[in-house]
>>> print(open('model.pdb').read())   # PDB, C-alpha atoms and all ligand atoms
ATOM      1  CA  MET R   1      11.907 -22.811  -2.556
ATOM      2  CA  THR R   2      13.325 -19.426  -1.601
ATOM      3  CA  ARG R   3      11.305 -18.295   1.379
ATOM      4  CA  LEU R   4      10.237 -14.688   1.193
ATOM      5  CA  SER R   5      10.841 -12.892   4.442
ATOM      6  CA  THR R   6       7.544 -12.037   6.053
ATOM      7  CA  ALA R   7       8.632  -8.475   6.809
ATOM      8  CA  ILE R   8      10.886  -5.704   5.527
ATOM      9  CA  THR R   9      12.834  -3.431   7.848
ATOM     10  CA  LEU R  10      12.117   0.184   6.959
ATOM     11  CA  SER R  11      14.822   2.859   6.969
ATOM     12  CA  GLY R  12      13.498   4.179  10.308
ATOM     13  CA  GLY R  13      13.960   0.743  11.897
ATOM     14  CA  ALA R  14      10.382  -0.547  12.118
ATOM     15  CA  GLU R  15       9.298  -3.729  10.388
ATOM     16  CA  ILE R  16       6.484  -3.733   7.840
ATOM     17  CA  PRO R  17       4.804  -7.007   6.816
ATOM     18  CA  ARG R  18       5.388  -7.861   3.161
ATOM     19  CA  TYR R  19       1.732  -8.560   2.597
ATOM     20  CA  GLY R  20      -1.379  -6.721   3.680
ATOM     21  CA  PHE R  21      -5.007  -5.895   3.165
ATOM     22  CA  GLY R  22      -6.480  -2.881   1.345
ATOM     23  CA  THR R  23      -9.801  -1.256   2.208
ATOM     24  CA  PHE R  24     -10.517   1.267  -0.576
ATOM     25  CA  LYS R  25     -14.204   1.630  -1.505
ATOM     26  CA  ILE R  26     -15.510  -0.201   1.561
ATOM     27  CA  ASP R  27     -17.754   1.614   4.035
ATOM     28  CA  ASP R  28     -17.470   1.284   7.828
ATOM     29  CA  ASP R  29     -19.659  -1.810   8.140
ATOM     30  CA  GLY R  30     -18.119  -3.486   5.106
ATOM     31  CA  ALA R  31     -14.631  -2.650   6.328
ATOM     32  CA  GLN R  32     -15.333  -4.124   9.730
ATOM     33  CA  ALA R  33     -16.497  -7.405   8.170
ATOM     34  CA  ALA R  34     -13.723  -7.587   5.571
ATOM     35  CA  VAL R  35     -10.917  -6.691   7.975
ATOM     36  CA  GLU R  36     -12.206  -9.194  10.548
ATOM     37  CA  THR R  37     -12.055 -11.896   7.848
ATOM     38  CA  ALA R  38      -8.613 -10.738   6.740
ATOM     39  CA  LEU R  39      -7.187 -10.762  10.273
ATOM     40  CA  ALA R  40      -8.696 -14.199  10.935
ATOM     41  CA  THR R  41      -7.114 -15.410   7.671
ATOM     42  CA  GLY R  42      -3.660 -14.222   8.705
ATOM     43  CA  TYR R  43      -3.150 -10.745   7.218
ATOM     44  CA  ARG R  44      -1.398  -8.483   9.719
ATOM     45  CA  LEU R  45      -1.204  -5.209   7.752
ATOM     46  CA  VAL R  46      -4.342  -3.131   7.200
ATOM     47  CA  ASP R  47      -4.340  -0.128   4.883
ATOM     48  CA  THR R  48      -6.924   2.639   5.243
ATOM     49  CA  ALA R  49      -7.099   6.410   4.683
ATOM     50  CA  VAL R  50      -9.079   9.391   5.885
ATOM     51  CA  GLY R  51     -10.535   9.557   2.389
ATOM     52  CA  TYR R  52     -11.913   6.004   2.553
ATOM     53  CA  GLN R  53     -14.236   7.062   5.388
ATOM     54  CA  ASN R  54     -13.950   3.647   7.008
ATOM     55  CA  GLU R  55     -11.440   4.164   9.816
ATOM     56  CA  VAL R  56     -14.147   3.555  12.422
ATOM     57  CA  GLY R  57     -14.956   0.157  10.868
ATOM     58  CA  VAL R  58     -11.279  -0.762  10.571
ATOM     59  CA  GLY R  59     -10.722   0.158  14.218
ATOM     60  CA  ARG R  60     -13.680  -1.937  15.311
ATOM     61  CA  ALA R  61     -12.379  -4.952  13.377
ATOM     62  CA  ILE R  62      -8.968  -4.731  15.035
ATOM     63  CA  ALA R  63     -10.587  -4.394  18.454
ATOM     64  CA  ALA R  64     -12.843  -7.409  17.756
ATOM     65  CA  SER R  65     -10.016  -9.580  16.402
ATOM     66  CA  GLY R  66      -8.597 -10.551  19.768
ATOM     67  CA  LEU R  67      -5.157  -9.553  18.481
ATOM     68  CA  LYS R  68      -2.995  -7.206  20.485
ATOM     69  CA  ARG R  69      -2.599  -3.772  18.935
ATOM     70  CA  GLU R  70       1.094  -4.403  18.338
ATOM     71  CA  GLU R  71       0.302  -7.542  16.322
ATOM     72  CA  VAL R  72      -1.377  -5.476  13.608
ATOM     73  CA  PHE R  73       0.466  -3.049  11.332
ATOM     74  CA  LEU R  74      -1.943  -0.183  10.794
ATOM     75  CA  THR R  75      -1.551   2.349   7.983
ATOM     76  CA  SER R  76      -3.602   5.459   7.313
ATOM     77  CA  LYS R  77      -3.189   8.360   4.908
ATOM     78  CA  VAL R  78      -3.925  12.049   4.997
ATOM     79  CA  TRP R  79      -5.522  13.932   2.130
ATOM     80  CA  GLU R  80      -5.357  17.521   3.470
ATOM     81  CA  HIS R  81      -2.066  19.354   3.252
ATOM     82  CA  GLY R  82      -0.464  22.032   5.461
ATOM     83  CA  TYR R  83       1.441  21.425   8.705
ATOM     84  CA  ASP R  84      -1.429  22.115  11.122
ATOM     85  CA  ASP R  85      -4.051  20.376   9.008
ATOM     86  CA  VAL R  86      -1.947  17.224   8.830
ATOM     87  CA  ARG R  87      -1.467  17.262  12.604
ATOM     88  CA  ARG R  88      -5.218  17.700  13.178
ATOM     89  CA  ASN R  89      -6.037  14.949  10.689
ATOM     90  CA  LEU R  90      -3.685  12.583  12.471
ATOM     91  CA  ARG R  91      -5.361  13.207  15.831
ATOM     92  CA  GLU R  92      -8.764  12.612  14.229
ATOM     93  CA  SER R  93      -7.629   9.389  12.537
ATOM     94  CA  LEU R  94      -6.235   8.040  15.812
ATOM     95  CA  GLU R  95      -9.552   8.767  17.483
ATOM     96  CA  ARG R  96     -11.614   7.098  14.752
ATOM     97  CA  LEU R  97      -9.315   4.078  14.698
ATOM     98  CA  GLY R  98      -9.390   3.794  18.501
ATOM     99  CA  THR R  99      -5.619   3.715  18.875
ATOM    100  CA  ASP R 100      -2.878   5.963  20.196
ATOM    101  CA  TYR R 101      -0.398   5.360  17.371
ATOM    102  CA  LEU R 102      -0.216   4.413  13.710
ATOM    103  CA  ASP R 103       2.422   2.079  12.368
ATOM    104  CA  LEU R 104       2.607   4.063   9.146
ATOM    105  CA  TYR R 105       1.139   7.379   8.086
ATOM    106  CA  LEU R 106       1.298   8.513   4.473
ATOM    107  CA  LEU R 107       0.682  11.738   2.584
ATOM    108  CA  HIS R 108      -1.991  10.302   0.271
ATOM    109  CA  TRP R 109      -1.133  12.380  -2.835
ATOM    110  CA  PRO R 110       1.577  14.987  -3.501
ATOM    111  CA  ARG R 111      -0.956  17.548  -4.825
ATOM    112  CA  PRO R 112       1.808  19.605  -6.473
ATOM    113  CA  GLY R 113      -0.627  22.350  -7.498
ATOM    114  CA  VAL R 114      -1.292  23.021  -3.794
ATOM    115  CA  ASP R 115       2.465  22.934  -3.230
ATOM    116  CA  LEU R 116       2.389  22.209   0.496
ATOM    117  CA  TYR R 117       3.767  18.684   0.434
ATOM    118  CA  VAL R 118       7.140  19.647   1.922
ATOM    119  CA  GLU R 119       5.654  21.257   5.059
ATOM    120  CA  SER R 120       3.078  18.441   5.222
ATOM    121  CA  TRP R 121       5.957  15.978   5.203
ATOM    122  CA  ARG R 122       7.592  17.897   8.084
ATOM    123  CA  ALA R 123       4.413  17.290  10.090
ATOM    124  CA  LEU R 124       4.865  13.538   9.601
ATOM    125  CA  VAL R 125       8.541  13.701  10.589
ATOM    126  CA  ASP R 126       7.577  15.526  13.797
ATOM    127  CA  ALA R 127       4.739  13.100  14.550
ATOM    128  CA  ARG R 128       7.209  10.236  14.182
ATOM    129  CA  ALA R 129       9.605  11.909  16.631
ATOM    130  CA  GLU R 130       6.734  12.213  19.115
ATOM    131  CA  GLY R 131       5.773   8.540  18.756
ATOM    132  CA  LEU R 132       2.337   9.190  17.286
ATOM    133  CA  ILE R 133       3.410   7.274  14.202
ATOM    134  CA  ARG R 134       6.108   4.612  14.024
ATOM    135  CA  SER R 135       6.978   5.169  10.361
ATOM    136  CA  ALA R 136       6.425   8.039   7.945
ATOM    137  CA  GLY R 137       5.874   7.771   4.231
ATOM    138  CA  VAL R 138       4.183   9.108   1.160
ATOM    139  CA  SER R 139       1.974   7.840  -1.616
ATOM    140  CA  ASN R 140       1.823   8.574  -5.316
ATOM    141  CA  PHE R 141       5.042  10.582  -5.174
ATOM    142  CA  THR R 142       7.165  10.820  -8.315
ATOM    143  CA  VAL R 143      10.968  10.885  -8.295
ATOM    144  CA  ASP R 144      10.854  14.712  -8.383
ATOM    145  CA  HIS R 145       8.593  14.899  -5.328
ATOM    146  CA  LEU R 146      10.730  12.410  -3.415
ATOM    147  CA  ALA R 147      13.926  14.218  -4.287
ATOM    148  CA  ARG R 148      12.492  17.571  -3.195
ATOM    149  CA  VAL R 149      11.293  16.455   0.239
ATOM    150  CA  GLU R 150      14.614  14.762   0.915
ATOM    151  CA  ALA R 151      16.595  17.822  -0.261
ATOM    152  CA  GLU R 152      14.522  20.312   1.740
ATOM    153  CA  THR R 153      14.034  18.350   4.960
ATOM    154  CA  GLY R 154      16.970  15.938   5.026
ATOM    155  CA  ALA R 155      14.533  13.085   5.668
ATOM    156  CA  ALA R 156      13.566  10.610   2.965
ATOM    157  CA  PRO R 157      10.131   8.959   3.194
ATOM    158  CA  GLU R 158      10.354   5.382   4.453
ATOM    159  CA  VAL R 159       7.654   4.133   2.065
ATOM    160  CA  ASN R 160       6.135   5.274  -1.223
ATOM    161  CA  GLN R 161       2.793   3.565  -1.898
ATOM    162  CA  VAL R 162       2.091   3.694  -5.626
ATOM    163  CA  GLU R 163       0.004   2.044  -8.333
ATOM    164  CA  LEU R 164       1.956  -1.059  -9.263
ATOM    165  CA  HIS R 165       0.866  -4.173 -11.154
ATOM    166  CA  PRO R 166       2.074  -6.061 -14.239
ATOM    167  CA  TYR R 167       0.584  -3.504 -16.640
ATOM    168  CA  PHE R 168       2.223  -0.599 -14.767
ATOM    169  CA  SER R 169       5.271  -1.868 -12.966
ATOM    170  CA  GLN R 170       7.181   1.404 -12.495
ATOM    171  CA  PRO R 171      10.776   0.162 -13.037
ATOM    172  CA  GLU R 172      12.402   3.628 -12.893
ATOM    173  CA  LEU R 173      10.592   4.640  -9.720
ATOM    174  CA  ARG R 174      11.450   1.321  -8.059
ATOM    175  CA  ALA R 175      15.114   1.786  -8.945
ATOM    176  CA  TYR R 176      15.054   5.231  -7.301
ATOM    177  CA  HIS R 177      13.380   3.741  -4.218
ATOM    178  CA  ASP R 178      16.106   1.106  -3.988
ATOM    179  CA  GLU R 179      18.868   3.729  -4.193
ATOM    180  CA  HIS R 180      17.230   5.804  -1.441
ATOM    181  CA  ALA R 181      16.149   2.994   0.923
ATOM    182  CA  ILE R 182      12.463   3.722   0.288
ATOM    183  CA  ALA R 183      10.197   0.666   0.481
ATOM    184  CA  THR R 184       7.822   0.241  -2.455
ATOM    185  CA  GLU R 185       4.221  -0.550  -1.549
ATOM    186  CA  SER R 186       1.922  -1.574  -4.417
ATOM    187  CA  TRP R 187      -1.645  -0.345  -4.602
ATOM    188  CA  GLY R 188      -4.101  -1.673  -7.164
ATOM    189  CA  PRO R 189      -2.037  -4.861  -7.475
ATOM    190  CA  LEU R 190      -4.829  -6.678  -9.327
ATOM    191  CA  ALA R 191      -5.123  -3.967 -11.979
ATOM    192  CA  LEU R 192      -8.845  -4.439 -12.285
ATOM    193  CA  ARG R 193      -9.582  -0.828 -13.118
ATOM    194  CA  GLY R 194      -8.398  -1.259 -16.703
ATOM    195  CA  GLY R 195      -9.354  -4.920 -16.710
ATOM    196  CA  GLY R 196      -7.999  -7.735 -18.792
ATOM    197  CA  LEU R 197      -5.053  -8.804 -16.661
ATOM    198  CA  PHE R 198      -6.655 -12.041 -15.493
ATOM    199  CA  GLU R 199      -7.494 -12.921 -19.104
ATOM    200  CA  ASP R 200      -4.033 -12.037 -20.369
ATOM    201  CA  PRO R 201      -2.600 -15.134 -22.108
ATOM    202  CA  ALA R 202       0.795 -14.699 -20.440
ATOM    203  CA  VAL R 203      -0.758 -14.557 -16.960
ATOM    204  CA  GLN R 204      -3.061 -17.457 -17.716
ATOM    205  CA  ALA R 205      -0.173 -19.609 -18.960
ATOM    206  CA  VAL R 206       1.863 -18.975 -15.809
ATOM    207  CA  ALA R 207      -1.190 -19.590 -13.624
ATOM    208  CA  GLU R 208      -1.935 -22.906 -15.337
ATOM    209  CA  ALA R 209       1.680 -24.023 -15.073
ATOM    210  CA  HIS R 210       1.600 -23.526 -11.292
ATOM    211  CA  GLY R 211      -1.975 -24.628 -10.644
ATOM    212  CA  ARG R 212      -2.791 -21.166  -9.284
ATOM    213  CA  THR R 213      -5.320 -18.478 -10.133
ATOM    214  CA  PRO R 214      -4.337 -15.416 -12.193
ATOM    215  CA  ALA R 215      -4.842 -13.247  -9.090
ATOM    216  CA  GLN R 216      -2.431 -15.409  -7.090
ATOM    217  CA  VAL R 217       0.177 -15.272  -9.844
ATOM    218  CA  VAL R 218       0.141 -11.479 -10.212
ATOM    219  CA  LEU R 219       0.233 -10.996  -6.440
ATOM    220  CA  ARG R 220       3.136 -13.430  -6.141
ATOM    221  CA  TRP R 221       5.009 -11.654  -8.974
ATOM    222  CA  ASN R 222       4.566  -8.363  -7.109
ATOM    223  CA  LEU R 223       5.921  -9.863  -3.871
ATOM    224  CA  GLN R 224       8.902 -11.476  -5.603
ATOM    225  CA  ARG R 225       9.724  -8.116  -7.210
ATOM    226  CA  GLY R 226      10.376  -6.916  -3.659
ATOM    227  CA  ASN R 227       7.278  -4.857  -2.983
ATOM    228  CA  VAL R 228       4.835  -4.693  -0.084
ATOM    229  CA  VAL R 229       1.490  -5.745  -1.578
ATOM    230  CA  ILE R 230      -2.004  -4.851  -0.315
ATOM    231  CA  PRO R 231      -4.848  -6.442  -2.332
ATOM    232  CA  LYS R 232      -8.416  -5.547  -1.386
ATOM    233  CA  SER R 233     -11.505  -7.725  -1.433
ATOM    234  CA  VAL R 234     -14.837  -7.782   0.342
ATOM    235  CA  THR R 235     -15.351 -11.410  -0.714
ATOM    236  CA  PRO R 236     -14.255 -13.937   1.948
ATOM    237  CA  GLU R 237     -13.208 -16.582  -0.633
ATOM    238  CA  ARG R 238     -11.041 -14.030  -2.449
ATOM    239  CA  ILE R 239      -9.567 -12.719   0.805
ATOM    240  CA  ARG R 240      -8.403 -16.298   1.452
ATOM    241  CA  GLU R 241      -7.380 -16.935  -2.177
ATOM    242  CA  ASN R 242      -5.221 -13.812  -2.145
ATOM    243  CA  TRP R 243      -3.584 -14.896   1.110
ATOM    244  CA  GLU R 244      -2.453 -18.196  -0.420
ATOM    245  CA  VAL R 245       0.505 -16.755  -2.280
ATOM    246  CA  LEU R 246       3.201 -17.393   0.286
ATOM    247  CA  ASP R 247       3.692 -21.112  -0.391
ATOM    248  CA  PHE R 248       4.837 -21.196  -4.009
ATOM    249  CA  GLU R 249       7.501 -19.481  -6.033
ATOM    250  CA  LEU R 250       7.672 -18.209  -9.603
ATOM    251  CA  PRO R 251      10.944 -18.958 -11.383
ATOM    252  CA  GLN R 252      12.895 -16.115 -12.984
ATOM    253  CA  SER R 253      11.561 -17.019 -16.439
ATOM    254  CA  ASP R 254       7.965 -16.539 -15.296
ATOM    255  CA  LEU R 255       8.793 -13.296 -13.499
ATOM    256  CA  GLU R 256      10.275 -11.988 -16.743
ATOM    257  CA  LYS R 257       7.208 -13.023 -18.764
ATOM    258  CA  ILE R 258       5.098 -10.935 -16.410
ATOM    259  CA  ASP R 259       7.632  -8.059 -16.404
ATOM    260  CA  ALA R 260       7.176  -7.915 -20.184
ATOM    261  CA  LEU R 261       3.502  -6.952 -19.769
ATOM    262  CA  ASP R 262       4.365  -3.426 -18.580
ATOM    263  CA  THR R 263       2.585  -0.825 -20.731
ATOM    264  CA  GLY R 264       3.848   2.231 -18.882
ATOM    265  CA  VAL R 265       0.226   3.419 -18.736
ATOM    266  CA  ARG R 266      -1.400   4.021 -15.368
ATOM    267  CA  GLN R 267      -4.971   2.953 -14.674
ATOM    268  CA  GLY R 268      -5.454   5.163 -11.623
ATOM    269  CA  GLY R 269      -4.974   8.873 -10.969
ATOM    270  CA  ASP R 270      -2.016  10.916 -12.202
ATOM    271  CA  PRO R 271       0.090  12.231  -9.279
ATOM    272  CA  LEU R 272       0.615  15.503 -11.122
ATOM    273  CA  GLU R 273      -3.114  16.124 -11.371
ATOM    274  CA  VAL R 274      -4.990  14.538  -8.448
ATOM    275  CA  GLY R 275      -6.073  16.999  -5.765
ATOM    276  CA  ASN R 276      -4.715  20.193  -7.289
TER     277      ASN R 276
HETATM  278  N1  LIG E 301      -2.517   5.293  -2.134
HETATM  279  C1  LIG E 301      -3.477   5.349  -3.037
HETATM  280  O1  LIG E 301      -3.682   6.369  -3.706
HETATM  281  C2  LIG E 301      -4.301   4.152  -3.261
HETATM  282  C3  LIG E 301      -5.145   4.083  -4.383
HETATM  283  C4  LIG E 301      -5.906   2.924  -4.550
HETATM  284  C5  LIG E 301      -5.810   1.904  -3.643
HETATM  285  N2  LIG E 301      -4.997   2.008  -2.536
HETATM  286  C6  LIG E 301      -4.893   0.931  -1.526
HETATM  287  O2  LIG E 301      -4.531  -0.273  -2.185
HETATM  288  C7  LIG E 301      -5.518  -1.274  -1.955
HETATM  289  C8  LIG E 301      -5.645  -2.187  -3.152
HETATM  290  O3  LIG E 301      -5.980  -1.451  -4.327
HETATM  291  P1  LIG E 301      -7.461  -1.486  -4.978
HETATM  292  O4  LIG E 301      -8.449  -1.781  -3.919
HETATM  293  O5  LIG E 301      -7.622  -0.236  -5.740
HETATM  294  O6  LIG E 301      -7.358  -2.625  -6.041
HETATM  295  P2  LIG E 301      -7.000  -4.207  -6.065
HETATM  296  O7  LIG E 301      -6.701  -4.721  -4.707
HETATM  297  O8  LIG E 301      -5.974  -4.359  -7.125
HETATM  298  O9  LIG E 301      -8.338  -4.826  -6.633
HETATM  299  C9  LIG E 301      -9.517  -4.854  -5.882
HETATM  300  C10 LIG E 301     -10.609  -5.416  -6.775
HETATM  301  O10 LIG E 301     -10.259  -6.749  -7.145
HETATM  302  C11 LIG E 301     -11.292  -7.646  -6.791
HETATM  303  N3  LIG E 301     -10.617  -8.878  -6.350
HETATM  304  C12 LIG E 301      -9.887  -9.043  -5.233
HETATM  305  N4  LIG E 301      -9.370 -10.275  -5.174
HETATM  306  C13 LIG E 301      -9.786 -10.918  -6.290
HETATM  307  C14 LIG E 301      -9.586 -12.227  -6.780
HETATM  308  N5  LIG E 301      -8.840 -13.110  -6.117
HETATM  309  N6  LIG E 301     -10.169 -12.560  -7.967
HETATM  310  C15 LIG E 301     -10.917 -11.656  -8.639
HETATM  311  N7  LIG E 301     -11.147 -10.415  -8.224
HETATM  312  C16 LIG E 301     -10.575 -10.033  -7.049
HETATM  313  C17 LIG E 301     -12.073  -6.958  -5.706
HETATM  314  O11 LIG E 301     -13.416  -7.356  -5.722
HETATM  315  P3  LIG E 301     -14.296  -7.671  -4.378
HETATM  316  O12 LIG E 301     -13.889  -6.683  -3.331
HETATM  317  O13 LIG E 301     -15.695  -7.453  -4.885
HETATM  318  O14 LIG E 301     -14.011  -9.083  -4.001
HETATM  319  C18 LIG E 301     -11.957  -5.494  -6.123
HETATM  320  O15 LIG E 301     -12.908  -5.183  -7.120
HETATM  321  C19 LIG E 301      -6.786  -0.410  -1.707
HETATM  322  O16 LIG E 301      -7.844  -1.160  -1.171
HETATM  323  C20 LIG E 301      -6.238   0.655  -0.826
HETATM  324  O17 LIG E 301      -6.048   0.199   0.496
HETATM  325  C21 LIG E 301      -4.244   3.114  -2.349
END
>>> encode(input="model.pdb", output="structure tokens", more="lines below")
Ligand SMILES: NC(=O)c1ccc[n+]([C@@H]2O[C@H](COP(=O)([O-])OP(=O)(O)OC[C@H]3O[C@@H](n4cnc5c(N)ncnc54)[C@H](OP(=O)(O)O)[C@@H]3O)[C@@H](O)[C@H]2O)c1
Amino acid sequence: MTRLSTAITLSGGAEIPRYGFGTFKIDDDGAQAAVETALATGYRLVDTAVGYQNEVGVGRAIAASGLKREEVFLTSKVWEHGYDDVRRNLRESLERLGTDYLDLYLLHWPRPGVDLYVESWRALVDARAEGLIRSAGVSNFTVDHLARVEAETGAAPEVNQVELHPYFSQPELRAYHDEHAIATESWGPLALRGGGLFEDPAVQAVAEAHGRTPAQVVLRWNLQRGNVVIPKSVTPERIRENWEVLDFELPQSDLEKIDALDTGVRQGGDPLEVGN
């Protein structure tokens, strides 16, 4: 079996775990419980955002885990744009999370109608230089947004976190990421918003062939396609089920069967519209 590396080295030099834990739609108390379970299970990357309103709970879970701060890769995201607003949001996130640095900070959405994402990106580049964040990235950026920030600031984002699952696998965007040394991080990897993926005959056939669940198969496909993957669950059994994807491998033929499910249709928000 080809062993997947457990981490990817980002263009800025830091290492990001290949696999992590999402916390969207969980409140502070729920996030504390879920992240404690995830950390006890073995996850070492936790993904939150100002907009999730659960940074306090996430911070408490990390503090309660007994792990050293540097053993956990902590990501947050900023919704507000504008240089000063991003800087203020970062200070507030650090306070809520009870830490003095983030491993990764992302602009949550490009919000092109607001048209401040370039100066917002500069705020992240400066925060990285000051050590407040180890790595700087973006989320939901299209090729045009990525190209513009790189052209105007000379600094490419280290990560772009985007909707990515078998029904929306973003081949063109991933190719651009690869050419520009941008790591792809997949949100919504279980594609449950549109539903149907777990019942898809192709996914079910692959799952049966490997004695795995449909969730495990689509998460494993995402990992083998080279992405950082961050499934979310508040259910302890599922948190553990989703973790058990590191000890089997899908052959090329199965990866291609799942590649063929791409519809090109997103289930989540459109980067050109959200937050304008
Ligand atoms: N950057 C962005 O704009 C953005 C947008 C969305 C999400 N994200 C990040 O990405 C993370 C993951 O995305 P997501 O939360 O939207 O979706 P997801 O991880 O694809 O799916 C989560 C849903 O799947 C269910 N689930 C989890 N494991 C399962 C399993 N093994 N079997 C059956 N159902 C299962 C969960 O239910 P239970 O919780 O009830 O178990 C929950 O309803 C988020 O939590 C967040 O951190 C980022």
>>> resolve_selection(input="model.pdb", expression="the PyMOL selection byres (((not hetatm)) within 7 of (chain E and resi 301))", output="PDB file with C-alpha atoms, in the frame of the given file")
ATOM      1  CA  PHE R  21      -5.007  -5.895   3.165  1.00  0.00           C
ATOM      2  CA  GLY R  22      -6.480  -2.881   1.345  1.00  0.00           C
ATOM      3  CA  THR R  23      -9.801  -1.256   2.208  1.00  0.00           C
ATOM      4  CA  PHE R  24     -10.517   1.267  -0.576  1.00  0.00           C
ATOM      5  CA  LYS R  25     -14.204   1.630  -1.505  1.00  0.00           C
ATOM      6  CA  ASP R  47      -4.340  -0.128   4.883  1.00  0.00           C
ATOM      7  CA  THR R  48      -6.924   2.639   5.243  1.00  0.00           C
ATOM      8  CA  HIS R 108      -1.991  10.302   0.271  1.00  0.00           C
ATOM      9  CA  TRP R 109      -1.133  12.380  -2.835  1.00  0.00           C
ATOM     10  CA  SER R 139       1.974   7.840  -1.616  1.00  0.00           C
ATOM     11  CA  ASN R 140       1.823   8.574  -5.316  1.00  0.00           C
ATOM     12  CA  GLN R 161       2.793   3.565  -1.898  1.00  0.00           C
ATOM     13  CA  VAL R 162       2.091   3.694  -5.626  1.00  0.00           C
ATOM     14  CA  GLU R 163       0.004   2.044  -8.333  1.00  0.00           C
ATOM     15  CA  SER R 186       1.922  -1.574  -4.417  1.00  0.00           C
ATOM     16  CA  TRP R 187      -1.645  -0.345  -4.602  1.00  0.00           C
ATOM     17  CA  GLY R 188      -4.101  -1.673  -7.164  1.00  0.00           C
ATOM     18  CA  PRO R 189      -2.037  -4.861  -7.475  1.00  0.00           C
ATOM     19  CA  LEU R 190      -4.829  -6.678  -9.327  1.00  0.00           C
ATOM     20  CA  ALA R 191      -5.123  -3.967 -11.979  1.00  0.00           C
ATOM     21  CA  LEU R 192      -8.845  -4.439 -12.285  1.00  0.00           C
ATOM     22  CA  ALA R 215      -4.842 -13.247  -9.090  1.00  0.00           C
ATOM     23  CA  GLN R 216      -2.431 -15.409  -7.090  1.00  0.00           C
ATOM     24  CA  ILE R 230      -2.004  -4.851  -0.315  1.00  0.00           C
ATOM     25  CA  PRO R 231      -4.848  -6.442  -2.332  1.00  0.00           C
ATOM     26  CA  LYS R 232      -8.416  -5.547  -1.386  1.00  0.00           C
ATOM     27  CA  SER R 233     -11.505  -7.725  -1.433  1.00  0.00           C
ATOM     28  CA  VAL R 234     -14.837  -7.782   0.342  1.00  0.00           C
ATOM     29  CA  THR R 235     -15.351 -11.410  -0.714  1.00  0.00           C
ATOM     30  CA  ARG R 238     -11.041 -14.030  -2.449  1.00  0.00           C
ATOM     31  CA  ILE R 239      -9.567 -12.719   0.805  1.00  0.00           C
ATOM     32  CA  GLU R 241      -7.380 -16.935  -2.177  1.00  0.00           C
ATOM     33  CA  ASN R 242      -5.221 -13.812  -2.145  1.00  0.00           C
TER      34      ASN R 242
END
>>> closest_atom_pairs(input="model.pdb", of="segment 63-124 of chain R", to="segment 253-271 of chain R", cutoff="9 Å", atoms="only C-alpha atoms", output="JSON lines")
{"residue": "R:Trp109", "atom": "CA", "partner": "R:Pro271", "partner_atom": "CA", "distance": 6.6}
{"residue": "R:Pro110", "atom": "CA", "partner": "R:Pro271", "partner_atom": "CA", "distance": 6.6}
{"residue": "R:Arg111", "atom": "CA", "partner": "R:Pro271", "partner_atom": "CA", "distance": 7.0}
{"residue": "R:Pro112", "atom": "CA", "partner": "R:Pro271", "partner_atom": "CA", "distance": 8.1}
>>> closest_residue(input="model.pdb", among="R:Leu94, R:Leu102, R:Ala34, R:Ala155", to="Gly12 of chain R", atoms="only C-alpha atoms")
R:Ala155
>>> atom_distance(input="model.pdb", atom1="atom CA of Thr75 of chain R", atom2="atom CA of Asp103 of chain R")
5.9 Å
>>> atom_distance(input="model.pdb", atom1="atom CA of Ser120 of chain R", atom2="atom CA of Tyr83 of chain R")
4.9 Å
>>> closest_residue(input="model.pdb", among="R:Asp28, R:Glu249, R:Glu172, R:Glu158", to="Gly137 of chain R", atoms="only C-alpha atoms")
R:Glu158
>>> atom_distance(input="model.pdb", atom1="atom CA of Ile16 of chain R", atom2="atom CA of Pro214 of chain R")
25.6 Å
>>> closest_residue(input="model.pdb", among="R:Pro251, R:Gly57, R:Gly51, R:Pro166", to="Ala33 of chain R", atoms="all atoms listed in the file")
R:Gly57
>>> closest_residue(input="model.pdb", among="R:Leu146, R:Leu197, R:Leu250, R:Pro157", to="Gln224 of chain R", atoms="all atoms listed in the file")
R:Leu250
>>> resolve_selection(input="model.pdb", expression="the PyMOL selection byres (((chain R and resi 127) around 12) and not hetatm)", output="PyMOL selection string")
chain R and resi 83-84+86-91+100-106+120-126+128-137
>>> closest_residue(input="model.pdb", among="R:Ala175, R:Val114, R:Val159, R:Ala63", to="Ala14 of chain R", atoms="all atoms listed in the file")
R:Val159
>>> axis_aligned_box(input="model.pdb", around="segment 59-68 of chain R", padding_each_side="5 Å", output="lines of an AutoDock Vina configuration file")
center_x = -8.3
center_y = -5.2
center_z = 16.9
size_x = 20.7
size_y = 20.7
size_z = 17.1
>>> closest_residue(input="model.pdb", among="R:Val58, R:Ala40, R:Val245, R:Ile182", to="Asp27 of chain R", atoms="only C-alpha atoms")
R:Val58
>>> resolve_selection(input="model.pdb", expression="the PyMOL selection byres (((chain R and resi 59) around 8) and not hetatm)", output="JSON, numbers by chain")
{"R": [32, 55, 56, 57, 58, 60, 61, 62, 63, 96, 97, 98, 99]}
>>> residues_around(input="model.pdb", residues="His177 of chain R", least_positions_apart="6", cutoff="9 Å", atoms="only C-alpha atoms", output="VMD selection string")
chain R and resid 143 159 to 160 183 to 184
